[in-house]
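Below is entry_6.cif, which holds mmCIF, C-alpha atoms.
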data_target
loop_
_atom_site.label_atom_id
_atom_site.label_comp_id
_atom_site.auth_asym_id
_atom_site.auth_seq_id
_atom_site.Cartn_x
_atom_site.Cartn_y
_atom_site.Cartn_z
CA MET A 252 4.72 9.81 9.24
CA ASN A 253 1.05 9.55 10.20
CA ALA A 254 -0.93 6.88 12.00
CA LYS A 255 -2.05 5.28 8.76
CA SER A 256 1.46 5.06 7.34
CA VAL A 257 2.84 3.74 10.65
CA LEU A 258 0.67 0.60 10.39
CA ARG A 259 -1.34 0.63 7.13
CA MET A 260 -4.32 -0.53 8.61
CA ASN A 261 -6.67 0.27 5.94
CA ALA A 262 -6.34 -1.68 3.60
CA THR A 263 -3.23 -2.47 3.97
CA LYS A 264 -1.87 -7.04 5.21
CA MET A 265 1.64 -11.95 6.35
CA THR A 266 3.50 -15.05 5.01
CA ILE A 267 7.23 -15.51 5.30
CA LEU A 268 9.02 -17.04 2.34
CA ALA A 269 12.22 -18.31 3.92
CA GLN A 270 15.27 -18.69 1.78
CA ARG A 271 18.67 -20.19 2.50
CA LEU A 272 21.68 -17.85 2.32
CA PRO A 273 24.58 -19.07 0.21
CA GLY A 274 27.66 -20.20 2.05
CA LEU A 275 29.96 -17.78 0.28
CA CYS A 276 29.54 -14.18 -0.92
CA ALA A 277 31.70 -12.26 -3.32
CA ALA A 278 34.47 -10.32 -1.63
CA LEU A 279 33.05 -7.04 -2.88
CA MET A 280 29.67 -7.78 -1.32
CA MET A 281 31.34 -8.68 1.94
CA ILE A 282 33.17 -5.37 2.04
CA ALA A 283 30.20 -3.27 1.00
CA LEU A 284 27.56 -4.86 3.19
CA GLY A 285 29.46 -6.61 5.94
CA GLY A 286 27.94 -10.05 5.43
CA CYS A 287 26.52 -12.66 3.08
CA ALA A 288 23.19 -12.13 1.37
CA HIS A 289 21.53 -12.74 -1.95
CA ALA A 290 22.03 -10.39 -4.83
CA ALA A 291 18.85 -9.61 -6.74
CA ARG A 292 20.20 -11.57 -9.67
CA PRO A 293 23.64 -12.72 -10.84
CA GLY A 294 25.93 -9.80 -11.56
CA CYS A 295 24.25 -7.31 -9.23
CA THR A 296 27.21 -6.62 -6.98
CA ALA A 297 27.65 -2.83 -7.19
CA ASP A 298 28.88 -1.20 -4.01
CA ILE A 299 26.59 1.19 -2.12
CA PRO A 300 28.48 4.43 -2.93
CA THR A 301 28.25 3.62 -6.65
CA LEU A 302 24.54 2.84 -6.39
CA PHE A 303 23.89 6.02 -4.41
CA ASP A 304 25.71 8.18 -6.95
CA ARG A 305 23.75 6.53 -9.75
CA VAL A 306 20.27 6.59 -8.21
CA SER A 307 20.09 9.56 -5.82
CA PRO A 308 19.75 12.21 -8.59
CA ALA A 309 16.35 10.65 -9.43
CA VAL A 310 15.14 10.81 -5.80
CA VAL A 311 13.25 14.01 -5.05
CA MET A 312 11.92 15.77 -1.98
CA ILE A 313 8.23 16.68 -2.02
CA SER A 314 6.80 19.43 0.17
CA ALA A 315 3.04 19.90 0.34
CA GLN A 316 0.46 21.98 2.17
CA SER A 317 -3.25 21.56 2.68
CA ILE A 318 -6.01 23.47 4.46
CA ASN A 319 -8.77 21.57 6.23
CA PRO A 320 -11.92 23.73 6.00
CA TYR A 321 -13.63 21.79 8.81
CA LYS A 322 -11.11 22.74 11.49
CA VAL A 323 -10.68 25.99 13.41
CA GLN A 324 -7.35 25.13 15.01
CA GLY A 325 -4.57 23.30 13.22
CA ARG A 326 -6.30 23.66 9.88
CA VAL A 327 -3.04 24.00 7.91
CA THR A 328 -1.04 20.81 7.41
CA ARG A 329 2.47 20.71 5.98
CA ILE A 330 4.22 17.52 5.00
CA ILE A 331 7.60 16.62 3.57
CA GLY A 332 8.26 13.35 1.83
CA SER A 333 10.23 11.65 -0.89
CA GLY A 334 9.51 10.34 -4.35
CA PHE A 335 11.42 9.14 -7.38
CA ILE A 336 11.42 10.03 -11.07
CA TYR A 337 10.80 6.91 -13.11
CA ASP A 338 10.14 8.48 -16.52
CA SER A 339 12.05 11.21 -18.35
CA GLU A 340 8.71 12.86 -19.19
CA GLY A 341 8.69 14.04 -15.57
CA LEU A 342 6.58 11.33 -13.93
CA ILE A 343 7.16 10.80 -10.21
CA VAL A 344 5.84 8.09 -7.88
CA THR A 345 5.20 8.90 -4.22
CA ASN A 346 2.69 8.05 -1.49
CA SER A 347 -0.89 9.26 -1.73
CA HIS A 348 -0.83 10.66 1.80
CA VAL A 349 1.90 13.07 0.65
CA ALA A 350 0.03 14.42 -2.38
CA PHE A 351 -3.68 13.69 -2.02
CA GLY A 352 -5.91 16.72 -1.43
CA ARG A 353 -3.01 19.18 -1.11
CA GLN A 354 -3.43 22.76 -2.25
CA THR A 355 0.28 23.15 -3.03
CA LEU A 356 2.90 20.65 -4.14
CA TYR A 357 6.56 21.48 -4.70
CA VAL A 358 9.32 19.16 -5.84
CA THR A 359 12.97 19.74 -4.95
CA LEU A 360 15.36 18.16 -7.43
CA ASP A 361 18.84 16.85 -6.77
CA ASP A 362 20.41 20.10 -8.00
CA GLY A 363 18.42 22.08 -5.44
CA SER A 364 15.90 23.59 -7.84
CA VAL A 365 12.31 23.79 -6.61
CA ILE A 366 9.50 23.40 -9.13
CA PRO A 367 5.72 22.90 -8.82
CA GLY A 368 4.39 19.37 -8.99
CA HIS A 369 1.03 18.45 -10.52
CA LEU A 370 -1.01 15.55 -9.19
CA LEU A 371 -2.15 13.22 -11.96
CA GLY A 372 -3.72 10.51 -9.83
CA ALA A 373 -3.85 9.19 -6.28
CA ASP A 374 -5.11 6.08 -4.51
CA PRO A 375 -5.41 6.59 -0.73
CA ILE A 376 -6.19 2.90 -0.16
CA PHE A 377 -2.92 1.50 -1.50
CA ASP A 378 -1.18 4.82 -0.77
CA ILE A 379 0.19 5.44 -4.27
CA ALA A 380 0.24 8.71 -6.22
CA VAL A 381 1.69 9.90 -9.51
CA LEU A 382 2.95 13.46 -10.03
CA ARG A 383 4.27 15.26 -13.07
CA ILE A 384 6.89 17.97 -13.23
CA PRO A 385 7.90 19.99 -16.31
CA LYS A 386 10.79 18.70 -18.38
CA PRO A 387 13.89 20.90 -18.24
CA ASP A 388 14.65 23.25 -21.12
CA LYS A 389 18.05 21.59 -21.49
CA GLY A 390 19.13 18.04 -20.81
CA LYS A 391 17.07 15.19 -19.41
CA LEU A 392 15.61 14.44 -16.03
CA PRO A 393 17.44 11.67 -14.17
CA THR A 394 15.40 8.49 -13.77
CA VAL A 395 15.65 5.25 -11.83
CA PRO A 396 14.75 1.90 -13.43
CA LEU A 397 11.83 -0.09 -12.06
CA GLY A 398 12.68 -3.67 -11.25
CA ASP A 399 10.64 -6.82 -10.62
CA SER A 400 9.35 -7.42 -7.09
CA GLU A 401 7.96 -10.84 -7.95
CA HIS A 402 11.28 -12.55 -7.38
CA VAL A 403 12.73 -10.69 -4.39
CA ARG A 404 14.21 -13.10 -1.86
CA VAL A 405 14.28 -13.05 1.92
CA GLY A 406 17.83 -12.18 2.96
CA GLU A 407 18.53 -10.17 -0.19
CA ASN A 408 20.54 -6.98 0.33
CA VAL A 409 18.70 -3.72 -0.27
CA ILE A 410 19.21 0.00 0.20
CA ALA A 411 16.68 2.78 0.80
CA ILE A 412 17.18 6.34 -0.40
CA GLY A 413 15.07 9.27 0.72
CA ASN A 414 14.98 12.63 2.45
CA PRO A 415 14.53 11.91 6.18
CA LEU A 416 13.33 14.96 8.14
CA GLY A 417 13.74 17.08 5.01
CA LEU A 418 17.49 16.47 4.80
CA ASP A 419 19.42 15.96 1.58
CA PRO A 420 19.22 12.48 0.00
CA THR A 421 20.23 9.85 2.54
CA VAL A 422 20.97 6.15 2.10
CA THR A 423 20.36 3.31 4.54
CA ARG A 424 20.99 -0.38 4.02
CA GLY A 425 19.51 -3.66 5.17
CA ILE A 426 17.97 -6.87 3.89
CA ILE A 427 14.58 -8.15 2.81
CA SER A 428 13.17 -9.47 6.10
CA GLY A 429 9.96 -10.94 4.67
CA VAL A 430 7.63 -10.87 1.70
CA ASN A 431 3.86 -10.96 1.21
CA ARG A 432 3.26 -9.24 4.53
CA ILE A 433 -0.43 -8.55 5.06
CA LEU A 434 -0.99 -5.89 7.70
CA PRO A 435 -3.93 -6.47 10.06
CA ASP A 436 -7.40 -4.96 9.87
CA THR A 437 -7.59 -5.16 6.10
CA PRO A 438 -10.62 -6.38 4.12
CA LEU A 439 -9.86 -9.33 1.86
CA SER A 440 -10.79 -7.32 -1.22
CA LEU A 441 -8.27 -4.61 -0.32
CA SER A 442 -5.37 -6.65 1.02
CA GLU A 443 -1.98 -5.34 -0.05
CA PRO A 444 1.02 -7.68 0.19
CA LEU A 445 4.04 -5.68 1.34
CA ILE A 446 7.80 -6.22 1.44
CA GLN A 447 9.28 -6.14 4.94
CA THR A 448 12.78 -4.73 5.38
CA ASP A 449 15.12 -3.84 8.22
CA ALA A 450 16.69 -0.97 6.27
CA PRO A 451 16.01 2.06 8.53
CA ILE A 452 13.09 4.17 7.25
CA ASN A 453 12.61 7.48 9.03
CA PRO A 454 9.91 10.18 8.76
CA GLY A 455 10.35 11.84 5.36
CA ASN A 456 12.47 8.89 4.22
CA SER A 457 9.36 6.91 3.37
CA ARG A 458 7.94 7.30 -0.14
CA GLY A 459 11.46 6.88 -1.50
CA PRO A 460 12.70 3.82 -3.40
CA LEU A 461 13.80 0.48 -1.96
CA LEU A 462 16.49 -0.78 -4.32
CA ASN A 463 18.21 -4.06 -5.05
CA MET A 464 21.94 -4.24 -5.67
CA CYS A 465 21.38 -3.65 -9.39
CA GLY A 466 20.04 -0.18 -8.58
CA GLU A 467 16.49 -1.18 -9.58
CA VAL A 468 13.43 -0.11 -7.59
CA ILE A 469 11.77 -3.17 -6.08
CA GLY A 470 9.50 -1.27 -3.68
CA MET A 471 8.34 2.12 -2.43
CA ASN A 472 9.00 2.62 1.27
CA THR A 473 5.70 3.38 2.94
CA ALA A 474 5.39 2.37 6.60
CA ILE A 475 7.19 1.60 9.85
CA ILE A 476 6.17 0.13 13.18
CA LEU A 477 7.27 2.60 15.82
CA GLU A 478 7.28 0.07 18.65
CA ALA A 479 9.64 -2.27 16.79
CA GLN A 480 13.32 -2.20 15.90
CA ASN A 481 13.77 -1.54 12.19
CA ILE A 482 10.60 -3.14 10.88
CA GLY A 483 9.61 -1.24 7.78
CA PHE A 484 7.38 -1.98 4.83
CA ALA A 485 7.54 -1.19 1.13
CA ILE A 486 4.84 -1.40 -1.52
CA PRO A 487 6.03 -3.93 -4.15
CA ILE A 488 6.99 -2.13 -7.33
CA ASN A 489 4.97 -4.57 -9.45
CA LEU A 490 1.83 -3.35 -7.67
CA VAL A 491 2.88 0.25 -8.33
CA LYS A 492 3.50 -0.48 -12.01
CA SER A 493 0.10 -2.15 -12.36
CA MET A 494 -1.69 0.89 -10.89
CA VAL A 495 0.18 3.78 -12.50
CA PRO A 496 -1.57 3.63 -15.92
CA ALA A 497 -5.03 3.82 -14.30
CA LEU A 498 -3.97 6.64 -12.01
CA ILE A 499 -2.72 8.64 -14.97
CA ARG A 500 -5.74 7.81 -17.13
CA ASP A 501 -8.56 8.13 -14.59
CA GLY A 502 -6.99 10.02 -11.71
CA ARG A 503 -8.02 7.25 -9.31
CA MET A 504 -8.43 3.50 -8.99
CA ILE A 505 -11.92 2.37 -9.98
CA ARG A 506 -13.01 -0.44 -7.66
CA PRO A 507 -16.29 -2.24 -7.04
CA TRP A 508 -18.05 -1.53 -3.74
CA VAL A 509 -18.72 -4.83 -1.97
CA GLY A 510 -19.88 -2.99 1.14
CA PHE A 511 -18.93 -5.39 3.94
CA HIS A 512 -15.90 -6.96 5.52
CA GLY A 513 -15.21 -9.59 8.12
CA SER A 514 -13.15 -12.61 9.16
CA MET A 515 -12.96 -16.29 8.39
CA ILE A 516 -14.78 -18.76 10.63
CA GLY A 517 -13.38 -22.30 10.79
CA ALA A 518 -13.89 -25.48 12.79
CA ASP A 519 -11.34 -24.55 15.47
CA LEU A 520 -13.01 -21.24 16.22
CA ARG A 521 -16.48 -22.82 16.20
CA LYS A 522 -15.35 -25.29 18.86
CA VAL A 523 -14.23 -22.42 21.07
CA LEU A 524 -17.36 -20.34 20.56
CA LYS A 525 -19.78 -23.28 20.87
CA LEU A 526 -22.36 -21.34 18.88
CA PRO A 527 -24.59 -22.47 15.98
CA LEU A 528 -22.20 -21.17 13.32
CA THR A 529 -20.96 -22.54 10.02
CA ASP A 530 -17.64 -22.26 8.22
CA GLY A 531 -17.33 -19.23 5.98
CA LEU A 532 -16.74 -15.49 5.93
CA LEU A 533 -18.24 -13.85 9.02
CA VAL A 534 -19.68 -10.42 8.17
CA GLU A 535 -18.55 -8.12 10.98
CA VAL A 536 -19.28 -4.69 9.49
CA VAL A 537 -21.69 -3.51 6.79
CA GLU A 538 -20.70 -0.09 5.44
CA PRO A 539 -23.44 2.58 5.65
CA GLY A 540 -24.99 3.45 2.31
CA SER A 541 -23.39 0.46 0.61
CA PRO A 542 -25.13 -2.02 -1.71
CA ALA A 543 -24.67 -4.65 1.01
CA GLU A 544 -26.74 -2.53 3.38
CA THR A 545 -29.40 -2.04 0.72
CA ALA A 546 -29.50 -5.81 0.15
CA GLY A 547 -30.15 -6.39 3.86
CA MET A 548 -26.80 -7.84 4.88
CA ARG A 549 -26.32 -7.94 8.65
CA GLY A 550 -23.11 -7.13 10.53
CA GLY A 551 -21.99 -8.14 13.99
CA GLU A 552 -22.98 -6.55 17.29
CA ILE A 553 -21.22 -8.52 20.04
CA GLU A 554 -17.46 -8.24 20.47
CA PHE A 555 -15.55 -11.43 21.20
CA THR A 556 -11.82 -11.42 22.05
CA LEU A 557 -9.57 -14.46 22.34
CA GLY A 558 -5.87 -13.67 22.69
CA THR A 559 -5.00 -11.40 19.79
CA THR A 560 -8.19 -12.31 17.89
CA SER A 561 -11.14 -9.94 18.07
CA LEU A 562 -14.43 -10.56 16.28
CA LEU A 563 -17.84 -8.95 16.05
CA LEU A 564 -20.35 -11.78 16.34
CA GLY A 565 -23.98 -11.87 15.32
CA GLY A 566 -23.62 -11.05 11.66
CA ASP A 567 -24.28 -13.08 8.53
CA ILE A 568 -21.84 -15.78 7.43
CA VAL A 569 -21.16 -15.88 3.69
CA THR A 570 -20.71 -19.52 2.70
CA ALA A 571 -20.25 -19.02 -1.05
CA ILE A 572 -19.45 -16.14 -3.43
CA ASN A 573 -20.48 -16.56 -7.06
CA GLY A 574 -20.69 -20.30 -6.54
CA VAL A 575 -17.27 -20.70 -4.88
CA PRO A 576 -17.26 -21.89 -1.23
CA THR A 577 -15.74 -19.39 1.19
CA THR A 578 -14.09 -21.91 3.48
CA ASP A 579 -10.55 -21.04 2.33
CA ALA A 580 -9.19 -17.47 2.56
CA ASP A 581 -6.69 -18.22 -0.19
CA ARG A 582 -9.59 -18.90 -2.57
CA ILE A 583 -11.66 -15.90 -1.46
CA ALA A 584 -9.04 -13.20 -2.01
CA PRO A 585 -8.61 -13.83 -5.77
CA ILE A 586 -12.40 -13.88 -6.20
CA MET A 587 -12.80 -10.55 -4.42
CA ARG A 588 -9.97 -8.94 -6.38
CA ALA A 589 -11.47 -10.13 -9.66
CA LEU A 590 -14.79 -8.33 -9.07
CA LYS A 591 -15.49 -5.38 -11.36
CA VAL A 592 -17.80 -2.39 -11.27
CA GLY A 593 -21.11 -3.45 -12.82
CA SER A 594 -20.65 -7.17 -12.23
CA ALA A 595 -23.11 -9.23 -10.24
CA LEU A 596 -22.27 -10.50 -6.78
CA LYS A 597 -24.20 -13.60 -5.73
CA MET A 598 -23.76 -15.00 -2.24
CA SER A 599 -25.08 -17.81 -0.10
CA VAL A 600 -25.62 -16.36 3.37
CA PHE A 601 -26.13 -18.29 6.63
CA ARG A 602 -28.28 -16.52 9.25
CA ASP A 603 -30.21 -17.86 12.24
CA GLY A 604 -29.68 -21.48 11.23
CA ALA A 605 -30.91 -21.04 7.64
CA THR A 606 -29.25 -20.22 4.31
CA ARG A 607 -30.57 -17.62 1.89
CA GLU A 608 -29.33 -16.10 -1.35
CA VAL A 609 -28.27 -12.47 -1.66
CA ALA A 610 -27.40 -10.77 -4.95
CA TYR A 611 -26.65 -7.23 -6.05
CA THR A 612 -24.80 -5.33 -8.75
CA LEU A 613 -21.53 -3.71 -7.71
CA PRO A 614 -21.27 0.09 -8.05
CA GLU A 615 -18.00 2.01 -7.93
CA ARG A 616 -16.56 2.21 -4.44
CA PRO A 617 -16.44 5.80 -3.17
CA LEU A 618 -13.71 7.19 -0.97
CA LEU A 619 -14.71 6.26 2.59
CA PRO A 620 -13.69 8.02 5.83
CA GLY A 621 -11.49 5.15 6.95
CA ASP A 622 -9.46 5.30 3.74
CA LEU A 623 -7.67 8.47 4.80
CA PRO A 624 -5.19 9.18 7.59
CA GLU A 625 -6.71 11.13 10.47
CA GLU A 626 -5.08 14.41 9.45
CA GLN A 627 -6.59 14.11 5.97
CA ALA A 628 -10.08 13.11 7.10
CA GLY A 629 -11.65 16.44 6.09
CA LEU A 630 -10.10 16.59 2.64
CA GLN A 631 -12.20 16.08 -0.44
CA GLN A 632 -11.24 13.75 -3.25
CA PRO A 633 -9.94 15.93 -6.10
CA SER A 634 -11.76 15.78 -9.39
CA LEU A 635 -8.91 14.05 -11.17
CA SER A 636 -9.39 13.33 -14.83
CA PRO A 637 -7.05 12.92 -17.79
CA ARG A 638 -7.14 16.69 -18.44
CA HIS A 639 -6.98 17.87 -14.82
CA ASP A 640 -3.78 19.07 -13.12
CA LYS A 641 -1.54 18.67 -16.13
CA PRO A 642 1.20 21.28 -16.46
#
Now that the file is in, can you turn its structure into structure tokens?
Amino acid sequence: MNAKSVLRMNATKMTILAQRLPGLCAALMMIALGGCAHAARPGCTADIPTLFDRVSPAVVMISAQSINPYKVQGRVTRIIGSGFIYDSEGLIVTNSHVAFGRQTLYVTLDDGSVIPGHLLGADPIFDIAVLRIPKPDKGKLPTVPLGDSEHVRVGENVIAIGNPLGLDPTVTRGIISGVNRILPDTPLSLSEPLIQTDAPINPGNSRGPLLNMCGEVIGMNTAIILEAQNIGFAIPINLVKSMVPALIRDGRMIRPWVGFHGSMIGADLRKVLKLPLTDGLLVEVVEPGSPAETAGMRGGEIEFTLGTTSLLLGGDIVTAINGVPTTDADRIAPIMRALKVGSALKMSVFRDGATREVAYTLPERPLLPGDLPEEQAGLQQPSLSPRHDKP
């Protein structure tokens, strides 16, 4: 577990959808889980031992090694994590920080056999990677079905299966504690809504599946908060499913490079600051070499802290993006996510009491230093293409 996966900071991030628990649970659910909670859908009442026996053969242990050429000491990094086989063709989903930039990748199957894994695609920003292993000469690889994370409910029973500390497959249980969690310090264009769970997730246990009581994967365990008691996060499986085809096809996620990020400025904050500001998106940082820098966008220079809020003041304030006012964060996020490489970005920008127009064409976003965990900072993005790294 590295600093980035402990609190996915980079891009990854919080709204609680409260749900009422039913007054009565089935007797089997009471025995298996010790309390009342929602099943994923009617009929999903399998007990945990049955689910573990059914799913655990598809959960694998991944061991990887990388060499950082920019270090003299501690240049070799070894990592152990989990993953799960979701396709009988040998396709495995795991976290990018397990597989990205590694010189060696080995997959340990449920029967104890160790075989090489081949990286097909990785996205360090959303921390998702796809591996492939060879199909066996006889029989089929075990797989786990992918569910639907759109309709998970707070209070719903879940289990997590993985290989904590390199041990054999291990199961923990808990509930969905929250949905649509947005971890802090994440640009609007890269926000990743996560599932929060209290099912214990330990080092090496992350990257494994979070399952509903039907035995379907509803999330990939990815992060914990060390200072808390059983607060873990999982990447919604619908997000994983939406990214996997591109990772296999292109080896990476192709995103537009906006080149700046910041925070919303509203009337309440303006009253506190008592500065000549306007409502909108405050530009705090302009990324070096970005199209925003080329277009003359200005970031902040003066740090302001109020309680848990910290801002860099002095930068531009974007009041509209492609004609849409930026006074509501809920309206901005869909606009930012809809931007494509090659499309035009047109903004109204407030600076020094006047408004001006800024426009530029969006290039592909490169891998930036902050996208990687600290221990991977010296690794180069592999040249992943449809023909690269296939067995």
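When only C-alpha atoms are used to compute distances to A:Gly413, the closest of the residues A:Phe555, A:Phe335, A:Phe601, A:Tyr611 turns out to be A:Phe335.
Distance check against A:His402 using only C-alpha atoms: of A:Pro487, A:Leu532, A:Tyr337, A:Ser493, the minimum falls on A:Pro487.
Straight-line separation from atom CA of A:Asp399 to atom CA of A:Ile488: 6.8 Å.
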Subject >> Expected selection from the PyMOL selection byres ((chain A and resi 370-386) around 6), given as number ranges by chain >> reply: A: 262, 341-347, 368-369, 387, 498-499, 502-503, 622, 640
**OP:** Evaluate the PyMOL selection byres ((chain A and resi 508) around 10) on the structure here and hand back the selected residues as a VMD selection string.
**Re:** chain A and resid 440 505 to 507 509 to 511 538 541 to 543 590 to 593 612 to 617
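One distance worth recording is that between atom CA of A:Ile412 and atom CA of A:Gln447, which is 15.7 Å.
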**OP:** Name the residues in contact with A:Leu397 at a cut-off of 9 Å, using all atoms listed in the file, excluding same-chain residues fewer than 2 positions from it; report them as a VMD selection string.
**Re:** chain A and resid 337 395 399 466 to 470 488 to 489 492
Original post:
Care to translate the PyMOL selection byres ((chain A and resi 576-580) around 10) into actual residues of this file, as number ranges by chain?
Top reply: A: 439, 514-518, 529-533, 568-575, 581-586, 598-599
**OP:** Find the spatial neighbours of A:Ile299, counting only C-alpha atoms, within a cut-off of 10 Å - ignore same-chain residues fewer than 2 positions away - and output them as a PyMOL selection string.
**Re:** chain A and resi 280+283-284+296-297+301-305+409-410+422-424+464+466
Using only C-alpha atoms, please write the residues we just selected to a file, as an mmCIF file, keeping the file's coordinate frame.
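Contents of the output file part.cif:
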data_model
loop_
_atom_site.group_PDB
_atom_site.id
_atom_site.type_symbol
_atom_site.label_atom_id
_atom_site.label_comp_id
_atom_site.auth_asym_id
_atom_site.auth_seq_id
_atom_site.Cartn_x
_atom_site.Cartn_y
_atom_site.Cartn_z
ATOM 1 C CA MET A 280 29.670 -7.780 -1.320
ATOM 2 C CA ALA A 283 30.200 -3.270 1.000
ATOM 3 C CA LEU A 284 27.560 -4.860 3.190
ATOM 4 C CA THR A 296 27.210 -6.620 -6.980
ATOM 5 C CA ALA A 297 27.650 -2.830 -7.190
ATOM 6 C CA THR A 301 28.250 3.620 -6.650
ATOM 7 C CA LEU A 302 24.540 2.840 -6.390
ATOM 8 C CA PHE A 303 23.890 6.020 -4.410
ATOM 9 C CA ASP A 304 25.710 8.180 -6.950
ATOM 10 C CA ARG A 305 23.750 6.530 -9.750
ATOM 11 C CA VAL A 409 18.700 -3.720 -0.270
ATOM 12 C CA ILE A 410 19.210 0.000 0.200
ATOM 13 C CA VAL A 422 20.970 6.150 2.100
ATOM 14 C CA THR A 423 20.360 3.310 4.540
ATOM 15 C CA ARG A 424 20.990 -0.380 4.020
ATOM 16 C CA MET A 464 21.940 -4.240 -5.670
ATOM 17 C CA GLY A 466 20.040 -0.180 -8.580
#
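Take atom CA of A:Thr328 and atom CA of A:Ala315: the distance between them is 8.2 Å.
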